[in-house]
$ cat work-v1.txt   # compact mmCIF, C-alpha atoms and all ligand atoms
# COMPACT_ATOMS: atom_id res chain seq x y z
CA MET I 22 131.93 74.62 41.14
CA GLN I 23 133.05 77.84 42.79
CA LYS I 24 136.76 78.38 43.48
CA THR I 25 138.53 80.39 46.15
CA ASP I 26 141.62 80.29 48.33
CA ALA I 27 139.95 79.69 51.69
CA VAL I 28 136.56 78.60 52.95
CA ILE I 29 135.72 79.88 56.40
CA VAL I 30 133.11 77.80 58.24
CA GLY I 31 131.29 80.24 60.51
CA ALA I 32 130.61 83.98 60.19
CA GLY I 33 130.98 84.78 63.89
CA PRO I 34 133.39 87.50 65.02
CA VAL I 35 136.38 85.23 64.52
CA GLY I 36 135.36 84.05 61.04
CA LEU I 37 134.80 87.66 59.98
CA PHE I 38 138.20 88.75 61.27
CA ALA I 39 139.79 85.79 59.47
CA VAL I 40 138.54 87.27 56.16
CA PHE I 41 140.62 90.37 56.95
CA GLU I 42 143.72 88.45 58.06
CA LEU I 43 143.64 86.21 54.97
CA GLY I 44 142.95 89.21 52.75
CA MET I 45 145.95 91.10 54.10
CA LEU I 46 148.11 88.16 52.98
CA GLY I 47 146.53 88.08 49.50
CA MET I 48 144.03 85.25 50.03
CA LYS I 49 140.36 85.37 49.04
CA ALA I 50 137.68 83.77 51.18
CA HIS I 51 134.15 82.42 51.04
CA VAL I 52 132.28 82.36 54.36
CA VAL I 53 129.51 79.85 55.11
CA ASP I 54 127.16 80.14 58.08
CA ALA I 55 124.13 78.16 59.16
CA LEU I 56 122.41 81.35 60.30
CA ASP I 57 120.81 83.89 57.97
CA GLU I 58 122.94 86.69 59.38
CA ALA I 59 126.64 87.10 60.11
CA GLY I 60 127.84 87.58 63.69
CA GLY I 61 127.62 84.18 65.41
CA GLN I 62 126.87 84.37 69.13
CA CYS I 63 127.18 88.18 69.11
CA THR I 64 124.24 88.55 66.71
CA ALA I 65 122.19 85.54 67.74
CA LEU I 66 122.50 85.76 71.52
CA TYR I 67 123.44 89.24 72.70
CA PRO I 68 123.46 91.93 69.97
CA GLU I 69 122.57 94.75 72.35
CA LYS I 70 124.86 93.79 75.23
CA PRO I 71 128.03 95.82 75.71
CA ILE I 72 131.39 94.01 75.53
CA TYR I 73 134.18 95.56 77.61
CA ASP I 74 137.25 93.49 76.69
CA ILE I 75 137.81 94.20 73.01
CA PRO I 76 141.19 95.97 72.80
CA GLY I 77 140.81 99.62 71.83
CA TYR I 78 137.07 99.70 72.62
CA PRO I 79 136.40 100.42 76.31
CA ARG I 80 132.80 99.42 75.53
CA ILE I 81 131.12 98.24 72.34
CA ASP I 82 127.74 96.60 71.77
CA ALA I 83 128.10 93.10 70.29
CA GLY I 84 126.02 94.07 67.23
CA GLU I 85 128.20 97.12 66.64
CA LEU I 86 131.36 94.99 66.86
CA ILE I 87 129.99 92.71 64.13
CA ALA I 88 129.16 95.70 61.91
CA ARG I 89 132.76 96.95 62.32
CA LEU I 90 134.22 93.52 61.55
CA GLU I 91 132.09 93.28 58.40
CA GLU I 92 133.32 96.73 57.38
CA GLN I 93 136.93 95.68 58.02
CA ALA I 94 136.45 92.53 55.91
CA ALA I 95 134.55 94.27 53.07
CA PRO I 96 137.59 95.50 51.05
CA PHE I 97 138.52 91.85 50.49
CA ALA I 98 135.10 91.10 48.95
CA PRO I 99 134.31 87.91 50.83
CA ARG I 100 131.49 85.82 49.37
CA TYR I 101 128.92 84.97 52.05
CA HIS I 102 126.83 81.79 51.86
CA LEU I 103 124.35 82.30 54.69
CA GLY I 104 121.51 80.12 55.89
CA GLN I 105 123.42 76.93 55.06
CA GLN I 106 125.71 74.53 56.86
CA VAL I 107 128.92 73.06 55.57
CA VAL I 108 127.97 69.42 55.50
CA ALA I 109 130.91 67.71 53.79
CA VAL I 110 134.62 68.27 53.27
CA GLU I 111 136.64 66.13 50.88
CA GLY I 112 140.22 66.26 49.60
CA ASP I 113 143.52 67.22 51.14
CA ALA I 114 146.11 69.98 51.26
CA GLU I 115 147.89 68.65 48.14
CA THR I 116 144.90 68.50 45.79
CA GLY I 117 142.76 71.10 47.54
CA PHE I 118 139.45 70.65 49.33
CA THR I 119 135.88 70.43 48.10
CA VAL I 120 133.34 71.86 50.49
CA THR I 121 129.63 71.07 50.08
CA THR I 122 126.87 72.99 51.82
CA SER I 123 123.38 71.97 52.83
CA LYS I 124 122.06 74.04 49.89
CA LYS I 125 124.21 71.89 47.54
CA GLU I 126 126.70 74.68 46.84
CA VAL I 127 130.14 73.26 46.05
CA ILE I 128 133.28 75.31 46.67
CA HIS I 129 136.83 74.29 45.85
CA CYS I 130 139.57 75.81 48.01
CA HIS I 131 143.16 75.36 49.16
CA VAL I 132 142.51 75.71 52.89
CA ILE I 133 139.60 75.60 55.32
CA LEU I 134 139.33 77.67 58.48
CA ILE I 135 136.74 76.27 60.89
CA ALA I 136 135.44 79.18 62.97
CA ALA I 137 132.33 77.34 64.04
CA GLY I 138 132.12 78.42 67.70
CA GLY I 139 130.04 75.90 69.61
CA GLY I 140 128.82 74.41 66.32
CA ALA I 141 126.06 75.32 63.93
CA PHE I 142 123.24 77.33 65.45
CA GLY I 143 119.72 76.61 64.47
CA PRO I 144 116.28 77.30 65.88
CA ASN I 145 114.61 74.75 68.12
CA ARG I 146 111.77 73.68 65.85
CA PRO I 147 108.38 72.70 67.24
CA PRO I 148 107.51 69.11 66.27
CA LEU I 149 104.69 69.89 63.82
CA ASP I 150 103.83 67.81 60.75
CA GLY I 151 104.71 69.52 57.47
CA LEU I 152 106.48 72.43 59.21
CA GLU I 153 109.23 72.66 56.58
CA ARG I 154 106.65 73.45 53.86
CA TYR I 155 105.83 76.72 55.63
CA GLU I 156 109.34 77.73 56.77
CA GLY I 157 110.52 80.99 55.24
CA LYS I 158 107.02 81.61 53.76
CA SER I 159 104.74 81.91 56.76
CA VAL I 160 106.74 80.36 59.60
CA PHE I 161 109.72 82.45 60.74
CA TYR I 162 112.25 81.96 63.54
CA LEU I 163 113.62 85.51 63.34
CA VAL I 164 111.96 88.87 62.75
CA LYS I 165 114.18 90.87 60.45
CA ARG I 166 111.79 93.74 59.69
CA ARG I 167 108.77 94.50 61.85
CA GLU I 168 107.05 96.10 58.84
CA ASP I 169 106.84 92.69 57.11
CA PHE I 170 104.19 91.79 59.70
CA ARG I 171 101.97 94.86 59.35
CA GLY I 172 98.29 93.92 59.17
CA LYS I 173 98.98 90.20 59.73
CA LYS I 174 97.32 87.71 62.08
CA ILE I 175 100.29 86.35 64.01
CA VAL I 176 100.63 83.36 66.31
CA ILE I 177 103.72 83.48 68.53
CA GLY I 178 104.90 80.30 70.27
CA GLY I 179 106.99 80.43 73.45
CA GLY I 180 107.19 82.14 76.80
CA GLY I 181 110.72 83.57 76.95
CA ASP I 182 112.20 86.99 76.17
CA SER I 183 111.91 86.71 72.37
CA ALA I 184 108.26 85.61 72.46
CA VAL I 185 107.23 88.32 74.93
CA ASP I 186 109.33 91.15 73.43
CA TRP I 187 108.16 90.45 69.88
CA ALA I 188 104.52 90.16 70.96
CA ASN I 189 104.82 93.59 72.59
CA SER I 190 106.55 95.11 69.60
CA LEU I 191 104.43 93.53 66.84
CA ALA I 192 101.20 94.42 68.66
CA GLU I 193 101.72 97.94 67.29
CA VAL I 194 101.55 96.80 63.64
CA ALA I 195 99.77 93.42 63.54
CA ALA I 196 96.05 92.89 62.90
CA HIS I 197 95.96 90.33 65.72
CA ILE I 198 98.43 88.49 67.94
CA ALA I 199 98.00 85.23 69.86
CA VAL I 200 100.76 84.09 72.22
CA VAL I 201 100.70 80.34 72.80
CA HIS I 202 102.54 79.15 75.90
CA ARG I 203 102.26 75.93 77.88
CA ARG I 204 102.13 77.80 81.20
CA ASP I 205 100.55 81.02 82.43
CA LYS I 206 103.97 82.12 83.74
CA PHE I 207 106.33 83.81 81.28
CA ARG I 208 110.16 83.60 81.54
CA ALA I 209 110.89 87.15 80.39
CA ALA I 210 111.93 90.43 82.01
CA PRO I 211 109.19 91.45 84.51
CA GLU I 212 108.50 94.81 82.85
CA SER I 213 108.07 93.09 79.46
CA VAL I 214 105.64 90.59 80.99
CA SER I 215 103.65 93.46 82.59
CA GLN I 216 103.47 95.18 79.21
CA LEU I 217 102.22 91.96 77.60
CA ARG I 218 99.53 91.48 80.23
CA ALA I 219 98.43 95.09 79.81
CA LEU I 220 98.10 94.51 76.04
CA ALA I 221 96.07 91.37 76.77
CA ASP I 222 93.77 93.35 79.11
CA ARG I 223 93.17 95.87 76.31
CA GLY I 224 92.36 93.02 73.88
CA LYS I 225 95.42 93.70 71.70
CA VAL I 226 96.96 90.32 72.41
CA ASP I 227 95.28 86.97 73.05
CA LEU I 228 97.18 84.94 75.68
CA VAL I 229 96.51 81.31 74.76
CA VAL I 230 97.68 79.55 77.96
CA PRO I 231 98.23 76.82 78.98
CA PHE I 232 98.31 75.55 75.42
CA GLN I 233 100.85 74.01 73.04
CA LEU I 234 101.19 74.13 69.27
CA ALA I 235 99.55 71.04 67.79
CA GLY I 236 99.29 71.47 64.01
CA LEU I 237 99.29 73.74 60.98
CA GLU I 238 96.49 74.49 58.51
CA GLY I 239 97.17 76.05 55.13
CA ASP I 240 98.19 75.48 51.55
CA GLY I 241 101.25 76.07 49.36
CA GLY I 242 103.35 77.26 52.28
CA GLN I 243 100.77 79.86 53.35
CA LEU I 244 99.24 79.32 56.77
CA THR I 245 95.57 79.94 57.41
CA GLY I 246 95.46 78.60 60.95
CA VAL I 247 97.41 77.08 63.81
CA ARG I 248 95.92 74.28 65.89
CA VAL I 249 96.71 74.32 69.61
CA LYS I 250 95.80 71.93 72.38
CA ASP I 251 95.60 72.23 76.14
CA LEU I 252 97.02 69.80 78.70
CA ASP I 253 93.85 67.65 78.45
CA GLY I 254 94.21 67.43 74.67
CA ALA I 255 91.29 69.78 73.90
CA GLU I 256 91.99 71.58 70.61
CA ARG I 257 91.41 75.15 69.37
CA LEU I 258 92.05 76.59 65.95
CA LEU I 259 93.68 80.04 65.84
CA GLU I 260 93.37 82.02 62.61
CA ALA I 261 96.87 82.89 61.40
CA ASP I 262 98.79 84.36 58.48
CA CYS I 263 102.08 83.50 60.14
CA LEU I 264 103.64 81.61 63.01
CA LEU I 265 106.71 82.77 64.94
CA PRO I 266 107.99 79.88 67.08
CA PHE I 267 110.46 81.30 69.63
CA TYR I 268 111.86 78.27 71.44
CA GLY I 269 115.50 79.34 71.53
CA LEU I 270 118.54 78.32 69.54
CA ALA I 271 120.42 75.05 69.73
CA SER I 272 123.97 74.41 68.59
CA SER I 273 125.70 71.19 67.68
CA LEU I 274 129.12 70.24 66.29
CA GLY I 275 127.11 68.39 63.65
CA PRO I 276 128.99 67.35 60.52
CA ILE I 277 132.34 68.75 61.75
CA ALA I 278 132.62 65.70 63.98
CA ASP I 279 132.95 63.54 60.82
CA TRP I 280 135.80 65.43 59.16
CA ALA I 281 138.61 63.21 60.53
CA LEU I 282 139.82 65.88 62.94
CA GLN I 283 141.00 65.31 66.49
CA ILE I 284 137.96 66.09 68.64
CA GLU I 285 138.40 66.67 72.38
CA LYS I 286 135.29 67.35 74.46
CA ASN I 287 133.37 68.65 71.44
CA LEU I 288 136.25 70.97 70.44
CA VAL I 289 138.83 70.66 67.68
CA ALA I 290 142.42 70.16 68.86
CA VAL I 291 144.97 72.34 67.03
CA ASP I 292 148.67 73.16 67.04
CA PRO I 293 148.73 76.37 69.13
CA ALA I 294 151.46 77.91 66.95
CA THR I 295 149.41 77.74 63.74
CA CYS I 296 145.88 76.59 64.66
CA GLU I 297 146.28 73.80 62.09
CA THR I 298 144.29 70.66 62.91
CA ALA I 299 145.45 67.08 62.62
CA ARG I 300 144.41 67.31 58.95
CA PRO I 301 146.93 69.56 57.10
CA GLY I 302 145.31 72.53 55.38
CA ILE I 303 142.36 72.58 57.78
CA TYR I 304 142.54 75.09 60.62
CA ALA I 305 140.28 75.68 63.62
CA ILE I 306 140.05 79.11 65.23
CA GLY I 307 137.97 80.87 67.87
CA ASP I 308 135.73 79.08 70.36
CA ILE I 309 135.83 75.75 68.53
CA ALA I 310 139.62 75.41 68.76
CA THR I 311 141.35 73.96 71.78
CA TYR I 312 144.99 73.95 72.90
CA PRO I 313 146.66 74.29 76.30
CA GLY I 314 145.77 77.64 77.87
CA LYS I 315 143.08 78.49 75.31
CA LEU I 316 140.60 81.14 76.47
CA LYS I 317 137.15 81.27 74.87
CA LEU I 318 137.36 85.01 74.29
CA ILE I 319 136.87 87.00 71.13
CA LEU I 320 140.33 88.53 71.42
CA GLN I 321 141.99 85.12 71.57
CA GLY I 322 139.95 84.07 68.53
CA PHE I 323 141.29 87.10 66.67
CA ALA I 324 144.86 86.01 67.47
CA ASP I 325 143.97 82.48 66.28
CA ALA I 326 142.80 83.97 62.97
CA ALA I 327 146.12 85.78 62.49
CA ALA I 328 148.16 82.64 63.26
CA ALA I 329 146.05 80.49 60.93
CA ALA I 330 146.22 82.99 58.05
CA HIS I 331 150.03 83.17 58.25
CA SER I 332 150.30 79.38 58.22
CA ALA I 333 147.67 79.00 55.46
CA HIS I 334 149.76 81.20 53.16
CA GLY I 335 152.19 78.27 52.77
CA HIS I 336 149.39 76.01 51.46
CA VAL I 337 147.82 78.61 49.17
CA PHE I 338 151.12 79.87 47.71
CA PRO I 339 153.49 76.91 48.06
CA GLY I 340 157.15 77.85 47.71
CA GLU I 341 156.47 81.60 48.05
CA ALA I 342 158.17 83.21 51.00
CA LEU I 343 155.95 85.24 53.30
CA HIS I 344 157.66 88.40 54.51
CA PHE I 345 156.08 89.62 57.70
CA GLU I 346 154.86 93.21 57.40
CA TYR I 347 152.86 95.49 59.68
CA SER I 348 149.53 96.80 58.40
CA THR I 349 150.92 100.30 58.94
CA THR I 350 153.64 99.49 56.39
CA LYS I 351 151.57 97.85 53.69
CA GLY I 352 148.10 99.36 54.16
CA VAL I 353 144.98 97.50 53.03
CA LYS I 354 145.77 96.24 49.51
CA THR I 355 142.99 94.26 47.88
CA GLY I 356 144.49 93.63 44.42
P1 LIG K 401 130.57 81.96 67.20
O1 LIG K 401 130.32 83.36 67.59
O2 LIG K 401 129.95 80.89 68.02
O3 LIG K 401 130.15 81.78 65.69
C1 LIG K 401 130.22 80.51 65.06
C2 LIG K 401 129.33 80.49 63.84
O4 LIG K 401 129.61 79.31 63.10
C3 LIG K 401 127.84 80.44 64.18
O5 LIG K 401 127.18 81.53 63.54
C4 LIG K 401 127.38 79.08 63.62
O6 LIG K 401 126.06 79.12 63.07
C5 LIG K 401 128.41 78.81 62.54
N1 LIG K 401 128.59 77.38 62.23
C6 LIG K 401 128.94 76.39 63.06
N2 LIG K 401 129.04 75.21 62.41
C7 LIG K 401 128.73 75.47 61.13
C8 LIG K 401 128.63 74.66 59.96
N3 LIG K 401 128.90 73.35 59.93
N4 LIG K 401 128.28 75.28 58.80
C9 LIG K 401 128.00 76.61 58.77
N5 LIG K 401 128.07 77.40 59.85
C10 LIG K 401 128.44 76.85 61.02
N6 LIG K 401 133.47 87.01 74.68
C11 LIG K 401 134.33 88.02 74.97
O7 LIG K 401 135.47 88.02 74.52
N7 LIG K 401 133.91 89.06 75.76
C12 LIG K 401 132.64 89.13 76.28
O8 LIG K 401 132.31 90.06 77.01
C13 LIG K 401 131.72 88.10 75.95
N8 LIG K 401 130.43 88.13 76.41
C14 LIG K 401 129.57 87.11 76.06
C15 LIG K 401 128.25 87.17 76.50
C16 LIG K 401 127.36 86.17 76.16
C17 LIG K 401 125.92 86.25 76.62
C18 LIG K 401 127.81 85.05 75.39
C19 LIG K 401 126.86 83.94 75.01
C20 LIG K 401 129.12 84.98 74.95
C21 LIG K 401 130.02 86.01 75.28
N9 LIG K 401 131.35 85.98 74.86
C22 LIG K 401 132.20 87.01 75.14
C23 LIG K 401 131.87 84.84 74.07
C24 LIG K 401 131.99 85.22 72.59
O9 LIG K 401 130.72 85.56 72.08
C25 LIG K 401 132.57 84.03 71.83
O10 LIG K 401 133.88 83.80 72.32
C26 LIG K 401 132.63 84.36 70.34
O11 LIG K 401 131.34 84.56 69.79
C27 LIG K 401 133.31 83.21 69.58
O12 LIG K 401 133.34 83.58 68.25
P2 LIG K 401 133.46 82.50 67.08
O13 LIG K 401 133.47 83.29 65.82
O14 LIG K 401 134.58 81.59 67.40
O15 LIG K 401 132.14 81.60 67.19
$ encode --input "work-v1.txt" --output "structure tokens"
Amino acid sequence: MQKTDAVIVGAGPVGLFAVFELGMLGMKAHVVDALDEAGGQCTALYPEKPIYDIPGYPRIDAGELIARLEEQAAPFAPRYHLGQQVVAVEGDAETGFTVTTSKKEVIHCHVILIAAGGGAFGPNRPPLDGLERYEGKSVFYLVKRREDFRGKKIVIGGGGDSAVDWANSLAEVAAHIAVVHRRDKFRAAPESVSQLRALADRGKVDLVVPFQLAGLEGDGGQLTGVRVKDLDGAERLLEADCLLPFYGLASSLGPIADWALQIEKNLVAVDPATCETARPGIYAIGDIATYPGKLKLILQGFADAAAAAHSAHGHVFPGEALHFEYSTTKGVKTG
């Protein structure tokens, strides 16, 4: 069993800033996120879009903001548990809480800060038998490094921006690419679609349309082929070393709905002064928290994190007075 002061559920911008706010008040944190990378919506949905309403930054790309927040949190040595959901929470503010993740990690803590945004993100998985045996080995929902796909036979599923952009990009390094889409029309930026069609004309990419994924062939997690079928049910087998299904991300409140909190329209109701939920010692901050006048903005989530950290101090260090100090006065002390 791992022990810490606070478990933060969600490594979006607000969860990351909460590490800093807790750290400034002497509290250590573990951060759990369902995604493989920190950054929440900023990383998963719009890393290259500029944000214009972060105080002090007239313009900052979402991905850059996340890098800065990670840097700001780093002195407090947060422990990240990525690629796993918090599935269960037991205990109370008196005895402490036990948090269990989907990878069976168990963490004991004094307080929990739920910074879960719209809920846990996960890829929309195609309904293929035995898919989980290949996930992470030859089926991937994200491309982290293009070089990992050099010389590979790749099947890409989907017709949106991710499918089209990655087909265009990976065509430079892959041995072969097939794009499987149920229609001949792609839902991506027109210039990206033109580029894809030009690659298809030159034989660099095989456009397998209108087809759908139908099955996987392989052994021990390694794909050898992907079966596809057309609208009449006629099947084809595509040779493949890997499959990249790009069918978007879905989010759901998931297990949080079962934690005996007050849920209002899929959000967690909190005391606006502290962001504490109906369950003492459990806080909700950022997009997932609701109170009168709440704005779903990153800057309001940052303020939520500060309020929650100040209140959490009372649970983590009962009986110890908290003297308010500016960061300019105390600096960043990690001891
Ligand atoms: P999120 O960013 O949603 O992160 C929550 C994280 O929690 C996710 O990574 C999720 O996987 C994880 N999680 C959830 N449940 C669990 C669980 N049970 N276990 C483990 N992990 C879990 N805001 C602005 O202020 N300015 C803007 O200009 C702006 N532009 C935007 C543009 C777009 C296209 C979009 C989609 C949003 C924009 N927003 C903007 C909104 C902003 O991104 C959100 O307000 C912000 O991301 C909320 O941060 P968060 O940390 O609360 O939640």
$ residues_near_ligand --input "work-v1.txt" --ligand "ligand LIG 401 (chain K)" --cutoff "7 Å" --atoms "all atoms listed in the file" --output "PyMOL selection string"
chain I and resi 30-36+53-56+59-63+66-67+72-75+105-108+136-143+274-277+306-309+317-320+322
$ closest_atom_pairs --input "work-v1.txt" --of "stretch 197-258 of chain I" --to "stretch 162-179 of chain I" --cutoff "10 Å" --atoms "only C-alpha atoms" --output "Markdown table"
| residue | atom | partner | partner_atom | distance |
| --- | --- | --- | --- | --- |
| I:His197 | CA | I:Lys174 | CA | 4.7 |
| I:Ile198 | CA | I:Ile175 | CA | 4.8 |
| I:Ala199 | CA | I:Val176 | CA | 4.8 |
| I:Val200 | CA | I:Ile177 | CA | 4.8 |
| I:Val201 | CA | I:Gly178 | CA | 4.9 |
| I:His202 | CA | I:Gly179 | CA | 5.2 |
| I:Arg203 | CA | I:Gly179 | CA | 7.9 |
| I:Arg204 | CA | I:Gly179 | CA | 9.5 |
| I:Phe207 | CA | I:Gly179 | CA | 8.6 |
| I:Arg208 | CA | I:Gly179 | CA | 9.2 |
| I:Val226 | CA | I:Ile175 | CA | 9.9 |
| I:Asp227 | CA | I:Val176 | CA | 9.3 |
| I:Leu228 | CA | I:Ile177 | CA | 9.8 |
| I:Val229 | CA | I:Gly178 | CA | 9.6 |
| I:Phe232 | CA | I:Gly178 | CA | 9.6 |
| I:Gln233 | CA | I:Gly178 | CA | 8.0 |
| I:Leu234 | CA | I:Gly178 | CA | 7.3 |
| I:Thr245 | CA | I:Lys174 | CA | 9.2 |
| I:Gly246 | CA | I:Val176 | CA | 8.8 |
| I:Val247 | CA | I:Val176 | CA | 7.5 |
$ residues_near_point --input "work-v1.txt" --point "(144.5, 82.0, 53.0)" --cutoff "6 Å" --atoms "only C-alpha atoms" --output "VMD selection string"
chain I and resid 26 to 27 43 48 330 333 to 334
$ atom_distance --input "work-v1.txt" --atom1 "atom CA of I:Gly157" --atom2 "atom CA of I:Glu92"
27.8 Å
$ closest_residue --input "work-v1.txt" --among "I:Asn145, I:Asn287, I:Thr122, I:Thr25" --to "I:Ala98" --atoms "all atoms listed in the file"
I:Thr25
$ closest_residue --input "work-v1.txt" --among "I:Leu86, I:Ile303, I:Leu265, I:Leu152" --to "I:Gly241" --atoms "all atoms listed in the file"
I:Leu152
$ residues_around --input "work-v1.txt" --residues "stretch 113-119 of chain I" --least-positions-apart "5" --cutoff "7 Å" --atoms "only C-alpha atoms" --output "PyMOL selection string"
chain I and resi 127-132+301-302+336
$ atom_distance --input "work-v1.txt" --atom1 "atom CA of I:Thr349" --atom2 "atom CA of I:Pro99"
22.3 Å
$ closest_residue --input "work-v1.txt" --among "I:Val353, I:Pro293, I:Glu42, I:Ile29" --to "I:Leu316" --atoms "only C-alpha atoms"
I:Pro293
$ atom_distance --input "work-v1.txt" --atom1 "atom CA of I:Gly112" --atom2 "atom CA of I:Ala305"
16.9 Å
$ residues_near_point --input "work-v1.txt" --point "(139.8, 64.5, 72.3)" --cutoff "12 Å" --atoms "only C-alpha atoms" --output "ChimeraX atom specification"
/I:278,281-291,299,310-312
$ closest_residue --input "work-v1.txt" --among "I:Asp279, I:Glu238, I:Glu156, I:Glu91" --to "I:Leu259" --atoms "only C-alpha atoms"
I:Glu238
$ decode --input "work-v1.txt" --residues "stretch 253-289 of chain I" --atoms "C-alpha atoms" --output "PDB file, in the first residue's frame"
ATOM      1  CA  ASP I 253     -22.711  -6.275 -48.331  1.00  0.00           C
ATOM      2  CA  GLY I 254     -20.644  -8.309 -45.869  1.00  0.00           C
ATOM      3  CA  ALA I 255     -17.930  -9.265 -48.387  1.00  0.00           C
ATOM      4  CA  GLU I 256     -14.619  -9.710 -46.529  1.00  0.00           C
ATOM      5  CA  ARG I 257     -11.001  -8.819 -47.337  1.00  0.00           C
ATOM      6  CA  LEU I 258      -7.885  -9.572 -45.342  1.00  0.00           C
ATOM      7  CA  LEU I 259      -5.342  -6.738 -45.039  1.00  0.00           C
ATOM      8  CA  GLU I 260      -1.795  -7.673 -44.046  1.00  0.00           C
ATOM      9  CA  ALA I 261      -0.871  -5.712 -40.921  1.00  0.00           C
ATOM     10  CA  ASP I 262       1.782  -5.370 -38.234  1.00  0.00           C
ATOM     11  CA  CYS I 263      -0.357  -2.878 -36.365  1.00  0.00           C
ATOM     12  CA  LEU I 264      -3.793  -1.320 -36.217  1.00  0.00           C
ATOM     13  CA  LEU I 265      -4.485   2.301 -35.269  1.00  0.00           C
ATOM     14  CA  PRO I 266      -8.219   2.728 -34.626  1.00  0.00           C
ATOM     15  CA  PHE I 267      -8.995   6.467 -34.557  1.00  0.00           C
ATOM     16  CA  TYR I 268     -12.659   6.698 -33.600  1.00  0.00           C
ATOM     17  CA  GLY I 269     -12.385   9.590 -31.155  1.00  0.00           C
ATOM     18  CA  LEU I 270     -12.407   9.791 -27.384  1.00  0.00           C
ATOM     19  CA  ALA I 271     -15.349   9.273 -25.073  1.00  0.00           C
ATOM     20  CA  SER I 272     -15.654  10.481 -21.501  1.00  0.00           C
ATOM     21  CA  SER I 273     -17.874   9.277 -18.701  1.00  0.00           C
ATOM     22  CA  LEU I 274     -18.255  10.082 -14.999  1.00  0.00           C
ATOM     23  CA  GLY I 275     -17.820   6.340 -14.520  1.00  0.00           C
ATOM     24  CA  PRO I 276     -17.013   5.161 -11.009  1.00  0.00           C
ATOM     25  CA  ILE I 277     -17.122   8.694  -9.522  1.00  0.00           C
ATOM     26  CA  ALA I 278     -20.909   8.462  -9.651  1.00  0.00           C
ATOM     27  CA  ASP I 279     -20.736   5.701  -6.990  1.00  0.00           C
ATOM     28  CA  TRP I 280     -18.643   7.564  -4.408  1.00  0.00           C
ATOM     29  CA  ALA I 281     -21.613   8.859  -2.348  1.00  0.00           C
ATOM     30  CA  LEU I 282     -21.139  12.428  -3.558  1.00  0.00           C
ATOM     31  CA  GLN I 283     -23.894  14.850  -4.466  1.00  0.00           C
ATOM     32  CA  ILE I 284     -24.159  14.609  -8.258  1.00  0.00           C
ATOM     33  CA  GLU I 285     -26.026  17.313 -10.184  1.00  0.00           C
ATOM     34  CA  LYS I 286     -26.322  16.929 -13.958  1.00  0.00           C
ATOM     35  CA  ASN I 287     -23.209  14.748 -14.126  1.00  0.00           C
ATOM     36  CA  LEU I 288     -21.189  17.232 -12.030  1.00  0.00           C
ATOM     37  CA  VAL I 289     -20.120  17.099  -8.388  1.00  0.00           C
TER      38      VAL I 289
END
